[in-house]
Amino acid sequence: MAKKSGLSAEDVDNLRSQLDGGTQPLVWFTAAAVGMEAGRSAKLLAFTEPEEGDFIQVRPTGSKDEMSFSPAELTLEKPPPRKKPAAPPPAPPQPPRETEILHPYVPEAPVKPAAPKPKPAPAVVAEPPPAKPARKPSAKGATPEVTVTLVSAGEGEWTVEVLQGTRRTVRPTPVSPAAVAQAAKLLTPEVAEIVEGVLNAARAQQLARVEQLRAELEAAQKALEDLGA
């Protein structure tokens, strides 16, 4: 029988039930998981809607990042523990070394030392100049990752922030709701729908505020008329 790989629809329903019950179950990565070692565990966090593509959010063990994967990249089967490598066999004992036979010491006849020869003058050798260290290749061609973040501050106010790598190049800057709506229409329909919902809620809030101010203005105008103004 072929070994099960990935999460089935029944597995996904079971995991969703555990999440609804307040439990964050463990799952393991399969060999199909991109950028992850097969057999590594992760904690299940949430399911995104709709259930298409990478809709399962997990946090790998030993990491603080939240990542999304597809059912084919995760499994409920815990991998077996890795076997420890067998210890190498002990080295065979070495044969005993043969005892060396020491010859009796016979002193040599003293030799008259010869007269020392004059030492020649040392030759002057020009040392080559030190070589210059090789320059490291420039990293100008590398493009840093750019992150653009739109934040709704409530009551129809929006700000935009830009990060290049870990450096903040644009601090939170106010932008008009009309510019946000126009930019969202150029992105995916899902993004445009979410932004439109936030803008509609802000419009309704502002309209209610206008009606309240209009009623207060009418009451103040009537009070002024009663005073004979």
# chains A, B, ... in the order shown; residues from 1 in each chain; ligands from 1
>>> residues_around(residues="Glu51 (chain A)", least_positions_apart="2", cutoff="12 Å", atoms="only C-alpha atoms", output="NGL selection string")
:A and (9 or 12-13 or 16 or 46-49 or 53-57 or 68-71)
>>> atom_distance(atom1="CA of Lys185 (chain A)", atom2="CA of Glu155 (chain A)")
20.8 Å
>>> atom_distance(atom1="CA of Val180 (chain A)", atom2="CA of Glu196 (chain A)")
9.4 Å
>>> closest_residue(among="A:Ala153, A:Ile194, A:Pro25, A:Thr188", to="Val175 (chain A)", atoms="only C-alpha atoms")
A:Ala153
>>> residues_around(residues="Val162 (chain A)", least_positions_apart="2", cutoff="10 Å", atoms="only C-alpha atoms", output="compact mmCIF listing (two decimals) with C-alpha atoms, in the first residue's frame")
# COMPACT_ATOMS: atom_id res chain seq x y z
CA VAL A 146 10.35 46.44 -0.73
CA THR A 147 7.28 46.31 1.56
CA VAL A 148 4.38 48.78 1.08
CA THR A 149 1.83 48.88 3.93
CA LEU A 150 -1.56 50.65 3.85
CA VAL A 160 1.09 54.44 3.76
CA GLN A 164 13.36 48.60 1.83
CA GLY A 165 14.72 45.48 3.46
CA ARG A 167 15.25 50.19 6.52
CA ARG A 168 12.17 52.42 6.64
CA THR A 169 12.38 54.73 3.62
CA VAL A 170 8.90 56.28 3.90
CA ARG A 171 7.43 56.93 7.35
CA PRO A 172 3.63 56.62 7.85
CA THR A 173 2.24 59.32 5.54
